[in-house]
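Encoded as structure tokens, the structure appears first; notes follow it.
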Number of protein chains: 8
Amino acid sequence: MAWSVYLAGEIHSDWRERIAQGAKDAGLDLTFSSPVTDHGASDDVGVAILGEESDGFWKDHKGAGVNAIRTQTLIRHADVVVVRFGEKYKQWNAAFDAGYAAALGKPIVTLHPEDHNHALKEIDRAAMATAESPEQVVGILRYVLEGKLAAGT
Amino acid sequence: MAWSVYLAGEIHSDWRERIAQGAKDAGLDLTFSSPVTDHGASDDVGVAILGEESDGFWKDHKGAGVNAIRTQTLIRHADVVVVRFGEKYKQWNAAFDAGYAAALGKPIVTLHPEDHNHALKEIDRAAMATAESPEQVVGILRYVLEGKLAAGT
Amino acid sequence: MAWSVYLAGEIHSDWRERIAQGAKDAGLDLTFSSPVTDHGASDDVGVAILGEESDGFWKDHKGAGVNAIRTQTLIRHADVVVVRFGEKYKQWNAAFDAGYAAALGKPIVTLHPEDHNHALKEIDRAAMATAESPEQVVGILRYVLEGKLAAGT
Amino acid sequence: MAWSVYLAGEIHSDWRERIAQGAKDAGLDLTFSSPVTDHGASDDVGVAILGEESDGFWKDHKGAGVNAIRTQTLIRHADVVVVRFGEKYKQWNAAFDAGYAAALGKPIVTLHPEDHNHALKEIDRAAMATAESPEQVVGILRYVLEGKLAAGT
Amino acid sequence: MAWSVYLAGEIHSDWRERIAQGAKDAGLDLTFSSPVTDHGASDDVGVAILGEESDGFWKDHKGAGVNAIRTQTLIRHADVVVVRFGEKYKQWNAAFDAGYAAALGKPIVTLHPEDHNHALKEIDRAAMATAESPEQVVGILRYVLEGKLAAGT
Amino acid sequence: MAWSVYLAGEIHSDWRERIAQGAKDAGLDLTFSSPVTDHGASDDVGVAILGEESDGFWKDHKGAGVNAIRTQTLIRHADVVVVRFGEKYKQWNAAFDAGYAAALGKPIVTLHPEDHNHALKEIDRAAMATAESPEQVVGILRYVLEGKLAAGT
Amino acid sequence: MAWSVYLAGEIHSDWRERIAQGAKDAGLDLTFSSPVTDHGASDDVGVAILGEESDGFWKDHKGAGVNAIRTQTLIRHADVVVVRFGEKYKQWNAAFDAGYAAALGKPIVTLHPEDHNHALKEIDRAAMATAESPEQVVGILRYVLEGKLAAGT
Amino acid sequence: MAWSVYLAGEIHSDWRERIAQGAKDAGLDLTFSSPVTDHGASDDVGVAILGEESDGFWKDHKGAGVNAIRTQTLIRHADVVVVRFGEKYKQWNAAFDAGYAAALGKPIVTLHPEDHNHALKEIDRAAMATAESPEQVVGILRYVLEGKLAAGT
């Protein structure tokens, strides 16, 4: 069985690429999906397709609706959900996705720097594992798929 | 992943063809399904297959049962449900399908002329997006699949 | 067990009162609920509480959100959902509520004049019974609660 | 029916008291619940009851588990979930609770200052209403319970 | 907690009364419900309330719809479903109710004479217990509620 | 999408073959499944694989358990469930399968001679269509898959 | 809201009484339930009520069916499930109940001596908290109900 | 349809290989999955990938989380769950997996020596079949897939 992994959260660093590359290098039978990571497109999609709004709240609302079609569908199809919290920004949508995945019974892996530990304690508690590097996430995915530890782990 | 899109509602204009053509032109990995759009077949199917009825209510009842096998199964399999309301007729089955999809947690896109806005406010509220043209629906599907806006959007 | 009955649909005639009175006269252990039937309040609630909107679409959207808190919660709690279609207006929210109830597996009773039969065939097919008068609905509720027919039925 | 309302999020201002007082003044048949709002107790509960931990991560983990028994149970029992984001802190657990409630199909009302609008757009989109003051939340609860607007609204 | 017990199946002997009396004598905190056991009312209810039908199939269909409102609602509310098969008739609705209850995860107790054992093997397999007398059913209910065997059992 | 159709019920006539042949002749993209139709194997499977039983009840119980692995799994995977009642025998497992499918929300087509109409009224009411011949079932499947009536229907 | 707590597992020590007493002393609004803790009754119930069996496997099978009516119903109704593993015996039914509760999304508290830690690691991982004494369980229940720590904790 | 079979439980004998070989010899269209059967890797995975722990409880906790990603996902995808109990050890995770599968409605086959019958009575009762040898499990799988008994059975 090919597992589906949804990569939620931060869009300002290359963590998704590092996980995808690591999985490829390890030859894992995985399909990755993610929210739209082009920040501008994600912000503008509502008004770009469906027409301008004068009020910023409704511009955001329109865009968020279109993005939710993608994110909620992909989370529902995922076998595992990885949620990344970066150094900056509020990243409330990452936490929202984690809660959404948790209520659906999806196994969650959180990925964040150690100094977020206290602020993320509820979400880490709802996760099956908490990693600090993309390489650790690859290690987890390799283990759950193939049942073995990488040499030198 | 190939997404499944159910196209509910109006059967008197070419909106389904326009969405299908637009999706094909954009090279999207989509499967479309719909209710039976041959109005005569849809009305007659019950009695044509299962025997005549003297009472119109039961003729309709028989036909609606057979059609429901198709529509409810396809909605359950769909990733996204587009619901079209045209200019004419009651179109209560379109609204029923929208409610059915909403309770199943399916993301909905409504498609209707602006002058229906007030009468459709409850259904638009349950939708993730409201479009006025089939081309906007294609734009949404393209974005949710590929994560990018068409050039010139 | 006291049954909960949700009365969806038309707000321009006294059908809810007639059902409630009939149930009271028959001494039935029933709790009735309904959408907000004050048309003006229902239309204005979003902006009245949460602030004005210049665009009618968003005014409607705000109001429909607040109303949906009520209607979806009450439908989820209901044992039986009665859906009334009157002579006039689009009444798409009635059809939406019927679809919503159907997908949740709630037993539905439709109530409408005979001349709507063809247009409502999909919804009548999803219902357990189709009535033409509020008194027939009372008769059904009496029977399902008490297991007997009214004298003279 | 007495509605249950879960009040998630910020614990550093008196918004819960203002909603409870407003509901009481309006005579609403409501039961409120919330996470533990004593910050110290919430942080320490794991080790206070189950024994010390030398590592902060596991201290947090123990406490978050005990708190989750309360929060997840109360959210599952709630008819409406209000999620408050204050001015300060990450408040990721508020966003997590919103996602959790959304996936369970609970109607959500968000409550936050306007300057959070852009950062909270995904969560506001998943909500049925977005308020800026506790009094607006009381107005919504009053309307969904009683079906009327307060005089002077 | 007061348990709800649905008594499905045969309506031509006094097994329901014997179970109810036995439960009362034992002082058990139980609520019993059942389909309508007045055979004539059950057959006629559709046309008696909703108008005559010339075709027997549709007369039955109308009546079965009204009865299903009662039976499916009560089965959904039940904690335990007892299904009785008597000596005579097809009793397909009893078997249907058993399948319905099984798919909902309700614990089932079957009650039938020994000579039905082979014909009912699939249904007995889906049940938690198979009894031959109403008194055995009372014994089971007493045990599951109070955790003890009757003296002299 | 290739539809899965489960053919429940009677095992003493060639109705399954006639449906399969009809579907093949019509070129329909269907997968059929069914309970084990070798009566002897179905009765003996429990003791043949898992060891003899001296008591007929437990022999049946063992066999019914093994058969239920097959039937319940296939019904859960089915898009449509056809339930056939023949002229003879109790056929309670057919009725049980119908109830099981109904509670899972699967669309049901019943197939039986007209003289069973009254005894099967509850099950026919839970079905989307009631047919008298395998050829009618093929007609229904053709219509729901292809959206058209056979020439000469 | 009065919480329901199911106390699964070991029946050879007084841990249930200690939890119940502690909860009573603390004035907590709790309802406790449990499997039948009379070992002899639990073993014999099947044959005592439903008739003797010559084969021990079927005697156990009959009894386990009757007990499952109680345990599965109470676990489904519970808000919290406490699972106790004592010093002796296999206690596989305790572990089964934990798995059953976990798949239903019930919050679990495990209670066992420290030397079981390694053998119970999968079940402790599925739990929200792991306690070593009944008094710690009371502390947890008090906290999740009242939101405060006992003085001197 | 290719069936998925999850093989839970004991990891110290060759029962999985014997089932896989038997299925291959019989040409069955089956996919097998299992927990990680390398005991050392299973114990160490948490700390090997995510960093050392000084406390054995948390080492186990970390490892159990990573293993649960695999086991719970595979059980959710399985059509049939086989649970093996060997001669030695507590094997509480096997019993936990059985409870987890039971609550999800998965058909279970237990496999264990006869002398475990009494201790496993609750789990055997929740299973569709109880086998003593891997070859019997192959016989069951062959029958449920192909509907026939092996020659000489």
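By convention in this document, the chains of the structure tokens carry letters A, B, ... by their order, each chain's residues are numbered from 1, and ligands are numbered from 1 in the order they are shown.
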Practice prompt. Output as a PyMOL selection string all residues of chain H that backbone DSSP marks as helix (DSSP H, G or I).
Written response: chain H and resi 15-25+39-50+56-77+92-103+114-116+121-126+134-146
Select all residues from chain E having any atom no more than 9 Å from an atom of chain H (counting only C-alpha atoms, ignoring ligands), output as a short mmCIF file (atom, residue, chain, number, x, y, z; two decimals) with N, CA, C and O atoms, in the first residue's frame.
```
data_model
loop_
_atom_site.label_atom_id
_atom_site.label_comp_id
_atom_site.auth_asym_id
_atom_site.auth_seq_id
_atom_site.Cartn_x
_atom_site.Cartn_y
_atom_site.Cartn_z
N ALA E 103 -25.81 -3.71 12.08
CA ALA E 103 -24.94 -2.75 11.39
C ALA E 103 -24.72 -1.49 12.23
O ALA E 103 -23.72 -0.80 12.07
N GLY E 105 -24.28 -1.64 15.39
CA GLY E 105 -23.48 -2.04 16.54
C GLY E 105 -24.27 -2.26 17.82
O GLY E 105 -23.70 -2.27 18.90
N ARG E 125 -25.77 -15.82 14.99
CA ARG E 125 -24.33 -15.53 15.04
C ARG E 125 -24.06 -14.05 15.27
O ARG E 125 -23.07 -13.68 15.91
N MET E 128 -25.64 -11.51 20.61
CA MET E 128 -24.82 -11.76 21.78
C MET E 128 -25.35 -12.96 22.57
O MET E 128 -24.64 -13.54 23.37
#
```
Discussion item. For Asn67 of chain A, find every residue with an atom within 8 Å (counting only C-alpha atoms), except residues of its own chain fewer than 4 positions away, and show them as a ChimeraX atom specification.
Written reply: /A:35-36,42,63,71 /B:144
Worksheet item: Using only C-alpha atoms, which of C:His61, C:His12, C:Arg76, C:Arg70 sits nearest Lys106 of chain C?
Response: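 Smallest distance to Lys106 of chain C is found for C:Arg76.
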Worksheet, complete the sentence: A straight line from atom CA of Lys121 of chain C to atom CA of Asp43 of chain B spans 9.8 Å
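Computed from the coordinates, the atom CA of Pro134 of chain C to atom CA of Ser34 of chain C distance equals 14.9 Å.
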Worksheet entry | For Ala23 of chain E: contacts at 12 Å, only C-alpha atoms, fewer than 6 positions along chain excluded, given as an MDAnalysis selection string | chainID E and resid 3 5 16:17 29:32 134:143 145:146 150
Check the DSSP output for the backbone and give back, as a short mmCIF file (atom, residue, chain, number, x, y, z; two decimals) with all heavy atoms, in the first residue's frame, the residues of segment 9-101 of chain C in strand (DSSP E).
```
data_model
loop_
_atom_site.label_atom_id
_atom_site.label_comp_id
_atom_site.auth_asym_id
_atom_site.auth_seq_id
_atom_site.Cartn_x
_atom_site.Cartn_y
_atom_site.Cartn_z
N GLY C 9 -38.94 24.67 6.67
CA GLY C 9 -39.60 25.16 5.47
C GLY C 9 -40.47 26.39 5.66
O GLY C 9 -40.21 27.22 6.53
N LEU C 30 -44.23 15.51 22.72
CA LEU C 30 -43.40 15.98 21.61
C LEU C 30 -42.78 17.33 21.92
O LEU C 30 -43.40 18.16 22.57
CB LEU C 30 -44.26 16.18 20.36
CG LEU C 30 -44.74 14.94 19.62
CD1 LEU C 30 -45.74 15.34 18.55
CD2 LEU C 30 -43.55 14.24 18.98
N THR C 31 -41.56 17.55 21.44
CA THR C 31 -40.94 18.87 21.48
C THR C 31 -40.75 19.34 20.05
O THR C 31 -40.14 18.63 19.24
CB THR C 31 -39.56 18.81 22.16
OG1 THR C 31 -39.70 18.17 23.42
CG2 THR C 31 -38.98 20.20 22.33
N PHE C 32 -41.27 20.50 19.74
CA PHE C 32 -41.12 21.04 18.39
C PHE C 32 -40.02 22.09 18.35
O PHE C 32 -39.84 22.86 19.30
CB PHE C 32 -42.42 21.68 17.92
CG PHE C 32 -43.52 20.69 17.70
CD1 PHE C 32 -44.56 20.57 18.61
CD2 PHE C 32 -43.49 19.86 16.58
CE1 PHE C 32 -45.57 19.64 18.41
CE2 PHE C 32 -44.51 18.92 16.38
CZ PHE C 32 -45.54 18.81 17.29
N SER C 33 -39.30 22.13 17.24
CA SER C 33 -38.36 23.22 17.01
C SER C 33 -38.46 23.63 15.55
O SER C 33 -39.06 22.92 14.73
CB SER C 33 -36.94 22.79 17.36
OG SER C 33 -36.52 21.75 16.51
N VAL C 80 -37.43 13.41 14.14
CA VAL C 80 -38.20 13.44 12.89
C VAL C 80 -38.09 14.86 12.32
O VAL C 80 -38.10 15.82 13.08
CB VAL C 80 -39.69 13.12 13.13
CG1 VAL C 80 -40.49 13.19 11.82
CG2 VAL C 80 -39.85 11.74 13.76
N VAL C 81 -37.98 14.96 11.00
CA VAL C 81 -37.93 16.27 10.35
C VAL C 81 -39.11 16.38 9.38
O VAL C 81 -39.24 15.57 8.46
CB VAL C 81 -36.60 16.48 9.60
CG1 VAL C 81 -36.60 17.80 8.83
CG2 VAL C 81 -35.43 16.43 10.58
N VAL C 82 -39.97 17.37 9.63
CA VAL C 82 -41.08 17.67 8.72
C VAL C 82 -40.64 18.83 7.83
O VAL C 82 -40.14 19.83 8.33
CB VAL C 82 -42.36 18.04 9.49
CG1 VAL C 82 -43.50 18.34 8.53
CG2 VAL C 82 -42.74 16.94 10.47
N VAL C 83 -40.80 18.68 6.52
CA VAL C 83 -40.39 19.73 5.59
C VAL C 83 -41.60 20.20 4.79
O VAL C 83 -42.21 19.42 4.05
CB VAL C 83 -39.28 19.26 4.63
CG1 VAL C 83 -38.75 20.45 3.82
CG2 VAL C 83 -38.16 18.57 5.38
N ARG C 84 -41.94 21.46 4.95
CA ARG C 84 -43.12 22.06 4.32
C ARG C 84 -42.71 22.92 3.12
O ARG C 84 -41.83 23.80 3.25
CB ARG C 84 -43.82 22.93 5.36
CG ARG C 84 -44.79 23.96 4.82
CD ARG C 84 -46.08 23.34 4.35
NE ARG C 84 -46.98 24.36 3.79
CZ ARG C 84 -48.05 24.07 3.08
NH1 ARG C 84 -48.39 22.81 2.81
NH2 ARG C 84 -48.80 25.04 2.62
#
```
Worksheet entry | Length of the atom CA of Gly46 of chain C to atom CA of Gly27 of chain D vector [Å] |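 Atom-to-atom, atom CA of Gly46 of chain C and atom CA of Gly27 of chain D are spaced 21.5 Å apart.
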Fill in: Contact residues around Ser54 of chain D with only C-alpha atoms at 12 Å, ignoring same-chain residues under 4 positions, as a PyMOL selection string
(chain D and resi 47+58-60) or (chain H and resi 53-55+58)
Since we have the selection now, will you write its residues out, keeping N, CA and C atoms, as an mmCIF file, in the first residue's frame?
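Just written: selection27.cif:
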```
data_model
loop_
_atom_site.group_PDB
_atom_site.id
_atom_site.type_symbol
_atom_site.label_atom_id
_atom_site.label_comp_id
_atom_site.auth_asym_id
_atom_site.auth_seq_id
_atom_site.Cartn_x
_atom_site.Cartn_y
_atom_site.Cartn_z
ATOM 1 N N VAL D 47 2.319 16.793 36.649
ATOM 2 C CA VAL D 47 3.309 16.410 37.654
ATOM 3 C C VAL D 47 2.753 16.508 39.080
ATOM 4 N N TRP D 58 8.318 16.385 28.962
ATOM 5 C CA TRP D 58 7.432 15.351 29.519
ATOM 6 C C TRP D 58 6.524 15.909 30.613
ATOM 7 N N LYS D 59 7.013 16.937 31.328
ATOM 8 C CA LYS D 59 6.103 17.615 32.269
ATOM 9 C C LYS D 59 4.891 18.196 31.512
ATOM 10 N N ASP D 60 5.197 18.866 30.412
ATOM 11 C CA ASP D 60 4.117 19.423 29.594
ATOM 12 C C ASP D 60 3.218 18.328 29.027
ATOM 13 N N GLU H 53 16.305 8.996 25.808
ATOM 14 C CA GLU H 53 15.553 9.327 27.010
ATOM 15 C C GLU H 53 16.231 8.641 28.198
ATOM 16 N N SER H 54 16.273 9.337 29.309
ATOM 17 C CA SER H 54 16.871 8.723 30.495
ATOM 18 C C SER H 54 15.865 7.844 31.238
ATOM 19 N N ASP H 55 14.598 8.118 31.038
ATOM 20 C CA ASP H 55 13.548 7.407 31.762
ATOM 21 C C ASP H 55 12.920 6.353 30.847
ATOM 22 N N TRP H 58 9.440 6.941 29.239
ATOM 23 C CA TRP H 58 9.339 7.835 28.082
ATOM 24 C C TRP H 58 10.013 7.248 26.849
#
```
